[in-house]
file input_17.cif (mmCIF, C-alpha atoms)
data_run
loop_
_atom_site.label_atom_id
_atom_site.label_comp_id
_atom_site.auth_asym_id
_atom_site.auth_seq_id
_atom_site.Cartn_x
_atom_site.Cartn_y
_atom_site.Cartn_z
CA MET A 267 -13.27 25.13 -11.78
CA ASN A 268 -13.46 24.95 -8.00
CA THR A 269 -11.12 24.16 -5.12
CA SER A 270 -10.84 20.48 -6.07
CA ILE A 271 -7.37 20.89 -7.61
CA CYS A 272 -6.06 22.37 -4.34
CA LEU A 273 -7.70 19.64 -2.29
CA ARG A 274 -6.21 16.96 -4.49
CA LEU A 275 -2.72 18.43 -4.65
CA GLY A 276 -2.78 18.90 -0.87
CA SER A 277 -4.05 15.42 -0.10
CA VAL A 278 -1.57 13.75 -2.46
CA ALA A 279 1.36 15.73 -1.05
CA GLY A 280 0.24 15.20 2.55
CA GLY A 281 -0.39 11.50 2.04
CA PHE A 282 3.04 10.84 0.61
CA VAL A 283 4.77 12.95 3.26
CA GLY A 284 2.89 10.94 5.87
CA VAL A 285 3.75 7.51 4.56
CA ILE A 286 7.38 8.22 3.63
CA LEU A 287 8.31 10.04 6.84
CA SER A 288 6.55 7.41 8.93
CA LEU A 289 8.51 4.73 7.08
CA VAL A 290 11.75 6.61 7.68
CA HIS A 291 11.01 6.32 11.39
CA LEU A 292 10.26 2.62 11.06
CA SER A 293 13.49 2.08 9.14
CA THR A 294 15.46 4.01 11.73
CA ALA A 295 14.06 1.95 14.54
CA ALA A 296 14.72 -1.29 12.68
CA SER A 297 18.29 -0.45 11.74
CA CYS A 298 19.55 1.14 14.87
CA CYS A 299 18.13 -0.94 17.70
CA GLY A 300 15.25 1.41 18.27
CA THR A 301 17.43 4.41 19.06
CA PRO A 302 18.66 6.63 16.25
CA VAL A 303 22.15 7.98 16.82
CA PHE A 304 21.15 11.42 15.62
CA PRO A 305 17.62 12.26 16.81
CA PRO A 306 16.07 14.32 14.05
CA THR A 307 15.33 17.95 14.75
CA PHE A 308 12.15 19.74 13.73
CA ALA A 309 14.05 21.54 10.97
CA ARG A 310 15.48 18.27 9.66
CA LEU A 311 12.03 16.65 9.49
CA ALA A 312 10.50 19.76 7.98
CA LEU A 313 13.18 19.72 5.28
CA ASP A 314 12.65 16.02 4.61
CA GLY A 315 8.91 16.57 4.42
CA MET A 316 9.38 19.46 2.03
CA ILE A 317 11.62 17.37 -0.25
CA VAL A 318 9.00 14.62 -0.45
CA ALA A 319 6.08 17.03 -0.87
CA LEU A 320 7.78 19.08 -3.59
CA ILE A 321 8.70 15.98 -5.62
CA VAL A 322 5.13 14.70 -5.37
CA VAL A 323 3.36 17.99 -6.16
CA PHE A 324 5.67 18.71 -9.11
CA LEU A 325 4.83 15.32 -10.61
CA ALA A 326 1.14 15.87 -9.84
CA ALA A 327 1.18 19.38 -11.35
CA ALA A 328 2.92 18.15 -14.49
CA PHE A 329 0.30 15.44 -14.87
CA THR A 330 -2.51 17.94 -14.27
CA CYS A 331 -1.20 20.21 -17.01
CA LEU A 332 -0.86 17.21 -19.33
CA VAL A 333 -4.47 16.08 -19.06
CA THR A 334 -6.31 19.36 -18.52
CA HIS A 335 -6.42 22.75 -20.19
CA LEU A 336 -5.39 24.57 -17.04
CA PRO A 337 -2.67 27.21 -17.46
CA PHE A 338 0.83 25.96 -16.72
CA LYS A 339 2.21 28.72 -14.52
CA PRO A 340 -0.60 29.14 -11.95
CA VAL A 341 -0.84 25.40 -11.42
CA PHE A 342 2.88 25.13 -10.67
CA VAL A 343 2.84 28.19 -8.42
CA LEU A 344 -0.06 26.66 -6.53
CA ALA A 345 1.81 23.35 -6.36
CA ILE A 346 4.94 25.01 -4.93
CA TYR A 347 2.97 26.77 -2.20
CA ILE A 348 1.08 23.61 -1.31
CA GLY A 349 4.26 21.50 -1.40
CA ILE A 350 6.22 23.82 0.87
CA LEU A 351 3.42 24.27 3.39
CA THR A 352 2.35 20.63 3.59
CA GLY A 353 5.96 19.41 3.70
CA VAL A 354 7.10 21.77 6.43
CA LEU A 355 4.00 21.41 8.57
CA LEU A 356 3.30 17.71 8.10
CA GLY A 357 6.86 16.31 8.01
CA PRO A 358 7.48 16.41 11.78
CA PRO A 359 4.11 14.97 12.90
CA ALA A 360 4.26 12.30 10.18
CA TYR A 361 7.61 11.08 11.51
CA HIS A 362 6.10 10.56 14.95
CA ILE A 363 3.12 8.53 13.74
CA HIS A 364 4.51 5.02 13.78
CA ASN A 365 1.82 3.43 11.64
CA PRO A 366 2.36 4.38 7.96
CA GLY A 367 -1.26 3.71 7.09
CA LEU A 368 -2.49 5.98 9.84
CA ALA A 369 0.13 8.59 8.94
CA PHE A 370 -1.05 8.45 5.33
CA VAL A 371 -4.71 9.01 6.21
CA VAL A 372 -4.08 11.73 8.80
CA CYS A 373 -1.61 13.65 6.63
CA ALA A 374 -3.75 13.25 3.49
CA PHE A 375 -6.70 14.86 5.23
CA LEU A 376 -4.55 17.58 6.79
CA GLY A 377 -2.89 18.16 3.41
CA ALA A 378 -6.31 18.52 1.78
CA PHE A 379 -7.22 21.11 4.38
CA LEU A 380 -3.96 23.01 3.83
CA GLY A 381 -4.51 22.88 0.07
CA TRP A 382 -8.01 24.27 0.47
CA LEU A 383 -6.66 26.99 2.78
CA ILE A 384 -4.00 28.03 0.26
CA CYS A 385 -6.60 28.14 -2.51
CA ARG A 386 -8.82 30.38 -0.42
CA LEU A 387 -5.95 32.69 0.50
CA LEU A 388 -4.37 32.91 -2.95
CA CYS A 389 -7.38 32.82 -5.22
CA GLY A 390 -10.18 34.24 -3.09
CA GLY A 391 -13.44 33.25 -4.68
CA LEU A 392 -11.60 31.58 -7.55
CA SER A 393 -13.53 33.66 -10.02
CA ALA A 394 -10.35 34.40 -11.96
CA LEU A 395 -9.50 30.74 -12.36
CA LYS A 396 -13.09 29.91 -13.23
CA ALA A 397 -13.14 32.54 -15.95
CA GLY A 398 -9.78 31.30 -17.21
CA VAL A 399 -11.08 27.78 -17.66
CA ALA A 400 -14.20 28.80 -19.56
CA ARG A 401 -13.56 28.75 -23.31
CA MET B 208 -39.98 33.73 -29.23
CA SER B 209 -38.26 34.05 -25.84
CA THR B 210 -35.74 36.77 -24.97
CA ALA B 211 -32.13 36.38 -26.09
CA PRO B 212 -29.95 34.46 -23.62
CA GLN B 213 -27.56 36.39 -21.44
CA CYS B 214 -23.99 35.34 -22.27
CA ASN B 215 -21.51 33.84 -19.77
CA ALA B 216 -22.53 33.62 -16.08
CA GLN B 217 -26.25 33.00 -15.61
CA GLN B 218 -26.92 32.99 -11.90
CA PRO B 219 -25.07 33.84 -8.69
CA GLY B 220 -23.36 31.19 -6.62
CA ASN B 221 -21.15 28.27 -7.38
CA ILE B 222 -21.97 25.36 -9.65
CA PRO B 223 -23.42 22.59 -7.50
CA THR B 224 -20.64 20.14 -8.24
CA PRO B 225 -20.90 16.73 -6.65
CA PHE B 226 -18.93 16.22 -3.42
CA ASP B 227 -15.28 15.55 -4.19
CA TRP B 228 -15.40 12.19 -2.46
CA TRP B 229 -12.47 10.56 -4.23
CA PRO B 230 -9.63 11.68 -1.95
CA PHE B 231 -11.71 11.10 1.16
CA VAL B 232 -12.62 7.55 0.21
CA ALA B 233 -9.28 6.66 -1.37
CA ALA B 234 -7.21 7.85 1.61
CA PRO B 235 -8.67 5.45 4.21
CA ILE B 236 -8.58 2.54 1.75
CA VAL B 237 -4.96 3.16 0.77
CA GLY B 238 -4.06 3.90 4.40
CA GLY B 239 -5.58 0.61 5.54
CA ALA B 240 -3.74 -1.25 2.78
CA LEU B 241 -0.45 0.39 3.76
CA ALA B 242 -0.99 -0.45 7.42
CA TYR B 243 -1.57 -4.06 6.42
CA VAL B 244 1.52 -4.11 4.20
CA ALA B 245 3.65 -2.53 6.94
CA THR B 246 2.44 -5.13 9.42
CA ASN B 247 2.22 -8.27 7.32
CA GLY B 248 3.94 -7.53 4.02
CA ILE B 249 2.56 -8.67 0.69
CA PRO B 250 2.00 -12.44 0.54
CA ILE B 251 3.64 -12.87 -2.88
CA ILE B 252 6.68 -10.81 -1.92
CA ASN B 253 7.13 -11.85 1.71
CA GLY B 254 9.37 -14.69 0.63
CA ILE B 255 11.70 -12.35 -1.22
CA VAL B 256 11.87 -9.97 1.72
CA GLY B 257 12.56 -12.80 4.14
CA ALA B 258 15.20 -14.31 1.87
CA VAL B 259 17.06 -11.05 1.46
CA GLY B 260 16.77 -10.43 5.18
CA SER B 261 16.89 -6.68 4.93
CA ALA B 262 16.40 -4.84 8.21
CA TRP B 263 14.04 -2.37 6.60
CA GLY B 264 12.56 -4.68 4.01
CA PHE B 265 9.01 -4.01 5.06
CA ALA B 266 9.58 -0.28 4.99
CA THR B 267 10.83 -0.31 1.40
CA LEU B 268 8.04 -2.74 0.49
CA THR B 269 5.48 -0.38 1.98
CA ALA B 270 7.01 2.61 0.22
CA GLY B 271 6.80 0.71 -3.08
CA ALA B 272 3.21 -0.29 -2.32
CA ALA B 273 2.41 3.37 -1.58
CA GLY B 274 3.84 4.49 -4.93
CA ALA B 275 1.97 1.79 -6.83
CA ALA B 276 -1.24 2.49 -4.92
CA GLY B 277 -0.97 6.18 -5.75
CA ILE B 278 -0.82 5.44 -9.47
CA ALA B 279 -3.57 2.83 -9.22
CA THR B 280 -5.80 5.39 -7.50
CA LEU B 281 -4.99 7.94 -10.21
CA VAL B 282 -5.89 5.50 -12.98
CA LEU B 283 -9.06 4.40 -11.19
CA TYR B 284 -10.12 8.02 -10.81
CA PHE B 285 -9.98 8.58 -14.55
CA VAL B 286 -11.31 5.26 -15.83
CA LEU B 287 -14.26 5.28 -13.43
CA LYS B 288 -15.49 8.69 -14.54
CA ALA B 289 -19.04 8.78 -15.85
CA ASP B 290 -17.94 9.11 -19.47
CA GLY B 291 -19.76 6.18 -21.02
CA CYS B 292 -16.78 3.82 -21.08
CA ILE B 293 -16.95 1.79 -17.86
CA ARG B 294 -19.59 3.90 -16.10
CA SER B 295 -22.49 5.24 -18.11
CA VAL B 296 -22.84 8.95 -18.87
CA PRO B 297 -25.00 11.19 -16.63
CA LYS B 298 -28.64 10.59 -17.48
CA GLY B 299 -29.96 13.56 -19.39
CA GLU B 300 -32.75 14.16 -21.83
CA PRO B 301 -32.55 13.10 -25.48
CA ILE B 302 -33.02 16.27 -27.52
CA CYS B 303 -32.72 17.51 -31.06
CA ILE B 304 -31.47 20.98 -32.01
CA SER B 305 -30.57 22.77 -35.20
CA GLY B 306 -28.32 25.67 -36.12
CA ILE B 307 -25.00 26.64 -37.64
CA VAL B 308 -21.63 25.15 -36.66
CA ASN B 309 -19.56 28.05 -35.32
CA ASP B 310 -16.36 26.12 -34.62
CA THR B 311 -15.07 22.62 -34.07
CA THR B 312 -12.32 21.62 -31.69
CA ASP B 313 -10.31 18.42 -31.86
CA GLU B 314 -9.73 17.39 -28.25
CA ASN B 315 -7.36 14.60 -29.21
CA SER B 316 -3.95 15.27 -27.73
CA THR B 317 -1.01 13.23 -28.94
CA ALA B 318 0.82 13.95 -25.68
CA ALA B 319 -2.08 12.74 -23.53
CA ASP B 320 -2.67 9.85 -25.93
CA ILE B 321 0.88 8.60 -25.42
CA LEU B 322 1.64 9.69 -21.86
CA ALA B 323 -1.76 9.18 -20.23
CA PRO B 324 -4.07 6.99 -22.32
CA PHE B 325 -6.25 6.34 -19.26
CA ALA B 326 -7.04 10.07 -19.06
CA MET B 327 -8.17 10.53 -22.65
CA GLY B 328 -11.32 12.60 -22.83
CA PRO B 329 -13.82 13.05 -25.66
CA ALA B 330 -12.72 13.05 -29.29
CA GLY B 331 -13.85 16.60 -29.81
CA VAL B 332 -16.54 19.22 -29.48
CA PHE B 333 -18.31 21.55 -31.87
CA ASP B 334 -20.31 24.65 -30.96
CA VAL B 335 -23.64 25.19 -32.65
CA VAL B 336 -25.25 28.63 -32.89
CA VAL B 337 -28.76 27.40 -32.23
CA LYS B 338 -31.99 28.71 -33.68
CA SER B 339 -33.90 30.94 -31.26
CA MET B 340 -36.56 28.24 -30.85
CA TYR B 341 -33.88 26.13 -29.09
CA TRP B 342 -32.56 28.83 -26.74
CA HIS B 343 -34.12 27.09 -23.74
CA TYR B 344 -31.74 24.18 -24.31
CA VAL B 345 -28.84 26.61 -23.82
CA THR B 346 -30.17 28.45 -20.77
CA GLN B 347 -32.35 26.05 -18.79
CA ASN B 348 -30.59 24.84 -15.57
CA SER B 349 -27.32 26.32 -16.80
CA TYR B 350 -24.81 28.41 -14.87
CA TRP B 351 -22.88 29.45 -17.94
CA VAL B 352 -23.83 30.20 -21.54
CA TYR B 353 -21.24 30.14 -24.28
CA CYS B 354 -21.61 32.86 -26.91
CA ASN B 355 -19.51 33.70 -29.93
CA SER B 356 -18.10 37.17 -30.62
CA THR B 357 -21.46 38.37 -31.97
CA GLY B 358 -23.17 37.45 -28.70
CA SER B 359 -25.09 34.56 -30.22
CA ALA B 360 -25.76 31.65 -27.86
CA MET B 361 -24.08 28.35 -28.68
CA LEU B 362 -24.60 24.80 -27.46
CA PRO B 363 -21.44 22.65 -27.21
CA CYS B 364 -21.88 19.18 -28.69
CA VAL B 365 -19.38 16.62 -27.40
CA ILE B 366 -18.18 13.69 -29.49
CA LYS B 367 -17.33 10.42 -27.78
CA SER B 368 -13.91 8.90 -28.32
CA LYS B 369 -14.19 5.15 -28.88
CA THR B 370 -10.43 4.70 -28.84
CA GLY B 371 -10.30 6.59 -25.55
CA CYS B 372 -12.67 4.03 -24.04
CA GLY B 373 -10.39 1.25 -25.21
CA GLY B 374 -7.51 3.07 -23.56
CA HIS B 375 -9.39 3.30 -20.28
CA ILE B 376 -10.18 -0.41 -20.15
CA GLY B 377 -6.66 -1.38 -21.22
CA SER B 378 -5.15 0.92 -18.60
CA LEU B 379 -7.25 -0.67 -15.89
CA VAL B 380 -5.79 -4.07 -16.70
CA GLY B 381 -2.31 -2.70 -17.25
CA VAL B 382 -2.07 -0.82 -13.96
CA VAL B 383 -2.85 -3.97 -11.96
CA ALA B 384 -0.03 -5.89 -13.65
CA GLY B 385 2.24 -2.86 -13.45
CA ALA B 386 1.59 -2.34 -9.75
CA ILE B 387 2.54 -5.92 -8.88
CA GLY B 388 5.68 -5.77 -11.00
CA GLY B 389 6.45 -2.30 -9.68
CA VAL B 390 6.43 -3.36 -6.04
CA ILE B 391 8.84 -6.24 -6.78
CA LEU B 392 11.17 -4.05 -8.85
CA SER B 393 11.04 -1.22 -6.32
CA TYR B 394 12.13 -3.54 -3.55
CA ILE B 395 15.06 -4.81 -5.60
CA ALA B 396 16.04 -1.26 -6.59
CA ALA B 397 15.81 0.00 -3.02
CA ALA B 398 17.87 -2.89 -1.69
CA ALA B 399 20.53 -2.27 -4.33
CA LEU B 400 20.62 1.47 -3.64
CA GLY B 401 20.63 0.97 0.14
CA GLY B 402 23.57 -1.39 -0.18
CA ALA B 403 25.45 0.97 -2.47
CA LEU B 404 24.97 3.97 -0.19
CA GLY B 405 25.59 2.08 3.01
CA CYS B 406 22.51 3.31 4.79
CA ALA B 407 22.92 0.73 7.54
CA VAL B 408 25.84 2.72 8.92
CA SER B 409 24.67 5.54 11.16
CA GLY B 410 25.97 9.02 10.49
CA PRO B 411 24.93 12.60 9.89
CA PHE B 412 23.24 11.72 6.59
CA TYR B 413 21.61 8.58 7.89
CA LEU B 414 18.05 9.90 7.78
CA LEU B 415 18.56 11.50 4.40
CA CYS B 416 19.93 8.22 3.08
CA LEU B 417 16.88 6.33 4.33
CA LEU B 418 14.60 8.97 2.88
CA LEU B 419 16.35 8.68 -0.49
CA VAL B 420 16.02 4.89 -0.55
CA LEU B 421 12.33 5.03 0.37
CA LEU B 422 11.67 7.73 -2.22
CA VAL B 423 13.42 5.65 -4.88
CA ALA B 424 11.30 2.63 -3.90
CA ALA B 425 8.09 4.66 -4.16
CA ILE B 426 9.10 6.31 -7.45
CA VAL B 427 10.24 3.05 -9.10
CA ALA B 428 6.99 1.30 -8.12
CA ALA B 429 4.95 4.27 -9.32
CA ALA B 430 6.88 4.46 -12.59
CA VAL B 431 6.43 0.76 -13.35
CA ALA B 432 2.72 0.89 -12.44
CA TYR B 433 2.35 3.96 -14.66
CA ALA B 434 4.18 2.22 -17.49
CA GLY B 435 1.84 -0.76 -17.10
CA ALA B 436 -1.17 1.55 -17.32
CA CYS B 437 0.22 3.24 -20.44
CA ILE B 438 1.09 -0.01 -22.21
CA GLY B 439 -2.32 -1.47 -21.36
CA GLY B 440 -3.93 1.74 -22.59
CA TRP B 441 -2.08 1.69 -25.90
CA VAL B 442 -3.12 -1.92 -26.49
CA GLY B 443 -6.73 -1.08 -25.62
CA GLU B 444 -6.69 1.93 -27.94
CA GLY B 445 -5.30 -0.19 -30.75
CA ILE B 446 -7.94 -2.87 -30.34
CA GLU B 447 -10.75 -0.31 -30.16
CA ALA B 448 -9.44 1.59 -33.19
CA ALA B 449 -9.35 -1.62 -35.22
CA THR B 450 -12.86 -2.69 -34.26
CA ASN B 451 -14.60 0.71 -34.41
CA ALA B 452 -13.01 2.26 -37.47
CA ASN B 453 -16.33 3.26 -39.07
CA ASN B 454 -18.21 5.14 -36.38
CA PRO B 455 -20.86 7.26 -38.18
CA VAL B 456 -21.03 10.09 -35.60
CA ASN B 457 -17.25 10.49 -35.49
CA ALA B 458 -17.08 10.39 -39.27
CA ALA B 459 -19.80 13.06 -39.57
CA TRP B 460 -18.08 15.25 -36.95
CA GLN B 461 -14.73 15.03 -38.73
CA GLY B 462 -16.44 16.25 -41.89
CA LEU B 463 -17.93 19.34 -40.21
CA ASN B 464 -16.72 22.84 -41.01
CA PRO B 465 -17.69 26.26 -39.64
CA GLY B 466 -20.81 27.43 -41.40
CA ASP B 467 -22.37 24.00 -41.80
CA ILE B 468 -26.12 23.93 -41.16
CA VAL B 469 -26.76 20.95 -38.92
CA THR B 470 -29.44 19.05 -37.07
CA VAL B 471 -27.95 17.40 -34.01
CA GLN B 472 -29.33 14.89 -31.52
CA GLY B 473 -27.81 13.85 -28.22
CA ASN B 474 -27.97 13.48 -24.46
CA TRP B 475 -28.68 16.92 -22.98
CA VAL B 476 -26.93 17.54 -19.63
CA THR B 477 -25.41 20.36 -17.59
CA ASP B 478 -21.63 20.25 -17.38
CA ASP B 479 -20.51 19.91 -13.76
CA SER B 480 -17.30 21.95 -14.03
CA VAL B 481 -18.19 25.06 -16.03
CA GLY B 482 -21.95 24.74 -15.63
CA ASN B 483 -23.00 25.09 -19.27
CA ASP B 484 -25.64 22.98 -20.97
CA GLU B 485 -24.29 20.63 -23.61
CA LEU B 486 -24.89 17.46 -25.59
CA PHE B 487 -22.91 14.72 -23.83
CA TYR B 488 -22.65 12.81 -26.09
CA THR B 489 -23.82 13.66 -29.58
CA THR B 490 -25.67 10.67 -31.06
CA SER B 491 -26.55 11.94 -34.52
CA ILE B 492 -25.35 14.69 -36.86
CA GLY B 493 -27.26 15.64 -39.98
CA GLN B 494 -25.76 18.23 -42.29
CA THR B 495 -28.07 20.05 -44.69
CA GLY B 496 -25.87 22.77 -46.17
CA ASN B 497 -23.46 25.60 -45.51
CA VAL B 498 -24.15 29.31 -45.08
CA GLY B 499 -21.09 30.17 -47.15
CA THR B 500 -19.71 33.01 -45.03
CA PRO B 501 -16.89 32.90 -42.46
CA ALA B 502 -17.55 32.62 -38.70
CA PRO B 503 -18.89 34.01 -36.42
CA TYR B 504 -22.56 33.44 -37.10
CA THR B 505 -25.66 35.02 -35.61
CA THR B 506 -28.92 33.62 -34.34
CA ALA B 507 -30.67 35.53 -37.13
CA GLN B 508 -28.60 33.60 -39.68
CA ALA B 509 -29.51 30.34 -37.92
CA ASP B 510 -33.20 31.28 -37.91
CA ALA B 511 -33.02 32.08 -41.62
CA THR B 512 -31.92 28.55 -42.53
CA ALA B 513 -34.42 26.05 -43.84
CA PRO B 514 -36.78 24.31 -41.38
CA ASP B 515 -34.95 21.50 -39.61
CA ASP B 516 -36.02 17.91 -39.42
CA CYS B 517 -36.10 17.62 -35.64
CA PRO B 518 -39.08 15.46 -34.75
CA VAL B 519 -41.85 17.06 -32.75
CA VAL B 520 -41.94 14.09 -30.39
CA ILE B 521 -38.46 12.78 -29.75
CA PRO B 522 -38.21 9.03 -29.36
CA PRO B 523 -35.93 7.83 -26.56
CA ILE B 524 -32.48 6.83 -27.66
CA GLN B 525 -32.01 3.07 -27.55
#

call {"tool": "encode", "arguments": {"input": "input_17.cif", "output": "C-alpha cells"}}
result
Amino acid sequence: MNTSICLRLGSVAGGFVGVILSLVHLSTAASCCGTPVFPPTFARLALDGMIVALIVVFLAAAFTCLVTHLPFKPVFVLAIYIGILTGVLLGPPAYHIHNPGLAFVVCAFLGAFLGWLICRLLCGGLSALKAGVAR
Amino acid sequence: MSTAPQCNAQQPGNIPTPFDWWPFVAAPIVGGALAYVATNGIPIINGIVGAVGSAWGFATLTAGAAGAAGIATLVLYFVLKADGCIRSVPKGEPICISGIVNDTTDENSTAADILAPFAMGPAGVFDVVVKSMYWHYVTQNSYWVYCNSTGSAMLPCVIKSKTGCGGHIGSLVGVVAGAIGGVILSYIAAAALGGALGCAVSGPFYLLCLLLVLLVAAIVAAAVAYAGACIGGWVGEGIEAATNANNPVNAAWQGLNPGDIVTVQGNWVTDDSVGNDELFYTTSIGQTGNVGTPAPYTTAQADATAPDDCPVVIPPIQ
C-alpha cells in the first residue's frame, strides 16, 4: 500500500466541497438578486465545507472497506482527519470561486495535497500500513 | 541449487507503482463537464429546467451532474483496470512451476458481489510452496516474498473470475443509464425539497437550506447512478455465469486442497501493490497427488515430490 488512498480520499472530498460550495454561492446570487442577506462568515463556510467533506469521505471510506481488505478503523480515522481538514480549509475558498468546474478542479487538487500531507504526518513512511496489507 | 529466498521484504525502497494518474486526469475532465453544465445545462434536461423555472435550477442540475459524474468515475476506475476484462492483463512471461498447495483463498465476497459488482476482483488465489528449482520465480524482480510459517517461499497463483468480468461490462452500461436517470430524478427531488423547505425565503438558515438541497441533489443522482451500475453488473454477472459455467481452470481450482501436489502454468508478473511475484492469471492447473499431511509444507517436501511435467521450453500461451 502507498499514499494513494489518502490522495484519493482527499481529492474526492476536496472536489465535492469545491463544487457544492461554489454552487451554494451561485444559488445565493440567483435567489437573492446577487446580494445575500446574511453574508457568510469564514466559520459558517468552514462548517458547511466540513459537513460536505465528512459525508463524502464517510461514503468513500465505507466503499473502500467494502472492496478492499484494508482494516476498518484506520481507514475511517484517516477519513475523518481528511474530511475535517479539507472541509475547513477548502470550504471558504470554494465558496468564492464562482465557476463550479474550476472550484472542483482546484479543490480536488488541493484536497489531494492535504490528503497526502495527512498520510505523511499520521503514518510516516507507511510501513505499518504496508505490513498490515501483506497477507 | 540457489540459496533459499529471504522472506517478506526483499529490497529497500518503495514499490515502483505506476503514477496515480486517475484523480489528476478525472478532475479536469469532470471539472470541465461541470463548468459546461453550470453554463449551458444538459441538453436533454434544459427543457425541464426551463419549464419549472426554478431560480437555482442550473445549480441543482450541476450538483446532480457532479454526483452522477463521481459515481461514473468510480465505476470507470474499476472496470478499466488491467484485469483482463476490458483491458488486458499486464504482459508477463508464461511460466510453469510445481510444488505443494499450502492454502487456497476464495476471494469472492457476497457483499461486494451485491453492493459493488463493478469492483469484483479475482475469483481466488492459492499459494504454492514451490520446488527449489523454481525459487527464482518467487524472488526475481520482487519486492516481497510470501512464506508460510516454516519459512518456505510461496508463489501466489491468482484465478480469474469470469462472472466478475461480466459484472464489469454490465456495470459500465448500467452506470451510463443510471447517471442520466439520476440527474433527472435529482433535479425533481431537489425542486420538491427546496419547495418544501422554502429556501427561496432569506433567513438565518438560508445558506444551510441551499446546501441541504444541493447535497440531496448530488446524493440522489449518485445513488441512482450507483443503482444503475449495480443492476447492470448483476445482469452482466448472470449472463456470464450462464455462458461460462464450465471453466476448466476455475473447476480445477475449486477442487484444490492444502497438500495437493500441482503443476501450474500462468502469466508471471510482479504485483504493483505489495510487490510480490505471482501468476496473474493462472491458465492451467494439473494435480498429481497429495502429500497427506496438514499444512504448512516445506520446500524439502516439495522437492521430494515426483518430477513435474513442466516443459523445458514453454510455448507461448495463445

call {"tool": "closest_residue", "arguments": {"input": "input_17.cif", "among": "B:Asn497, B:Thr246, B:Ser393, B:Ser359", "to": "chain A", "atoms": "all atoms listed in the file"}}
result
B:Thr246

call {"tool": "residues_around", "arguments": {"input": "input_17.cif", "residues": "Ala326 of chain A", "least_positions_apart": "4", "cutoff": "8 Å", "atoms": "only C-alpha atoms", "output": "ChimeraX atom specification"}}
result
/A:275,322,330

call {"tool": "atom_distance", "arguments": {"input": "input_17.cif", "atom1": "atom CA of Gly377 of chain B", "atom2": "atom CA of Leu421 of chain B"}}
result
29.5 Å

call {"tool": "closest_residue", "arguments": {"input": "input_17.cif", "among": "B:Tyr394, B:Trp460, B:Tyr433, B:Tyr353", "to": "chain A", "atoms": "all atoms listed in the file"}}
result
B:Tyr353

call {"tool": "closest_residue", "arguments": {"input": "input_17.cif", "among": "A:Leu356, A:Leu325, A:Val333, A:Leu273", "to": "Phe325 of chain B", "atoms": "only C-alpha atoms"}}
result
A:Val333

call {"tool": "interface_residues", "arguments": {"input": "input_17.cif", "of": "chain B", "to": "chain A", "cutoff": "8 Å", "atoms": "only C-alpha atoms", "output": "number ranges by chain"}}
result
B: 227, 230-231, 234-235, 237-243, 245, 262-263, 266-267, 269-270, 273, 318-319, 323, 326-327, 353, 407, 409-411, 414-415, 417-418, 421-422, 480-481

call {"tool": "atom_distance", "arguments": {"input": "input_17.cif", "atom1": "atom CA of Gly473 of chain B", "atom2": "atom CA of Pro363 of chain B"}}
result
10.9 Å

call {"tool": "resolve_selection", "arguments": {"input": "input_17.cif", "expression": "the PyMOL selection byres ((chain B and resi 367) around 7)", "output": "list in words"}}
result
Pro329, Ala330, Val365, Ile366, Ser368, Lys369 and Tyr488 of chain B

call {"tool": "resolve_selection", "arguments": {"input": "input_17.cif", "expression": "the PyMOL selection byres ((chain B and resi 466) around 10)", "output": "PyMOL selection string"}}
result
chain B and resi 306-310+335-336+463-465+467-469+496-504+509

call {"tool": "closest_residue", "arguments": {"input": "input_17.cif", "among": "B:Gly435, B:Gly358, B:Gly462, B:Gly401", "to": "Gly388 of chain B", "atoms": "all atoms listed in the file"}}
result
B:Gly435

call {"tool": "resolve_selection", "arguments": {"input": "input_17.cif", "expression": "the PyMOL selection byres ((chain B and resi 380) around 12)", "output": "PyMOL selection string"}}
result
chain B and resi 279+282-283+286+325+373-379+381-387+432-443

call {"tool": "atom_distance", "arguments": {"input": "input_17.cif", "atom1": "atom CA of Gln461 of chain B", "atom2": "atom CA of Ser295 of chain B"}}
result
24.1 Å

call {"tool": "axis_aligned_box", "arguments": {"input": "input_17.cif", "around": "segment 371-374 of chain A", "padding_each_side": "4 Å", "output": "AutoDock Vina command-line options"}}
result
--center_x -3.2 --center_y 11.3 --center_z 6.1 --size_x 11.1 --size_y 12.6 --size_z 13.3

call {"tool": "residues_around", "arguments": {"input": "input_17.cif", "residues": "Cys214 of chain B", "least_positions_apart": "2", "cutoff": "12 Å", "atoms": "all atoms listed in the file", "output": "PDB file with C-alpha atoms, in the frame of the given file"}}
result
ATOM      1  CA  ALA B 211     -32.130  36.380 -26.090  1.00  0.00           C
ATOM      2  CA  PRO B 212     -29.950  34.460 -23.620  1.00  0.00           C
ATOM      3  CA  ALA B 216     -22.530  33.620 -16.080  1.00  0.00           C
ATOM      4  CA  GLN B 217     -26.250  33.000 -15.610  1.00  0.00           C
ATOM      5  CA  GLN B 218     -26.920  32.990 -11.900  1.00  0.00           C
ATOM      6  CA  TRP B 342     -32.560  28.830 -26.740  1.00  0.00           C
ATOM      7  CA  VAL B 345     -28.840  26.610 -23.820  1.00  0.00           C
ATOM      8  CA  THR B 346     -30.170  28.450 -20.770  1.00  0.00           C
ATOM      9  CA  SER B 349     -27.320  26.320 -16.800  1.00  0.00           C
ATOM     10  CA  TYR B 350     -24.810  28.410 -14.870  1.00  0.00           C
ATOM     11  CA  TRP B 351     -22.880  29.450 -17.940  1.00  0.00           C
ATOM     12  CA  VAL B 352     -23.830  30.200 -21.540  1.00  0.00           C
ATOM     13  CA  TYR B 353     -21.240  30.140 -24.280  1.00  0.00           C
ATOM     14  CA  CYS B 354     -21.610  32.860 -26.910  1.00  0.00           C
ATOM     15  CA  ASN B 355     -19.510  33.700 -29.930  1.00  0.00           C
ATOM     16  CA  SER B 356     -18.100  37.170 -30.620  1.00  0.00           C
ATOM     17  CA  THR B 357     -21.460  38.370 -31.970  1.00  0.00           C
ATOM     18  CA  GLY B 358     -23.170  37.450 -28.700  1.00  0.00           C
ATOM     19  CA  SER B 359     -25.090  34.560 -30.220  1.00  0.00           C
ATOM     20  CA  ALA B 360     -25.760  31.650 -27.860  1.00  0.00           C
ATOM     21  CA  MET B 361     -24.080  28.350 -28.680  1.00  0.00           C
ATOM     22  CA  LEU B 362     -24.600  24.800 -27.460  1.00  0.00           C
ATOM     23  CA  ASN B 483     -23.000  25.090 -19.270  1.00  0.00           C
TER      24      ASN B 483
END

call {"tool": "closest_residue", "arguments": {"input": "input_17.cif", "among": "B:Val423, B:Val296, B:Ile492, B:Val244", "to": "Thr477 of chain B", "atoms": "only C-alpha atoms"}}
result
B:Val296
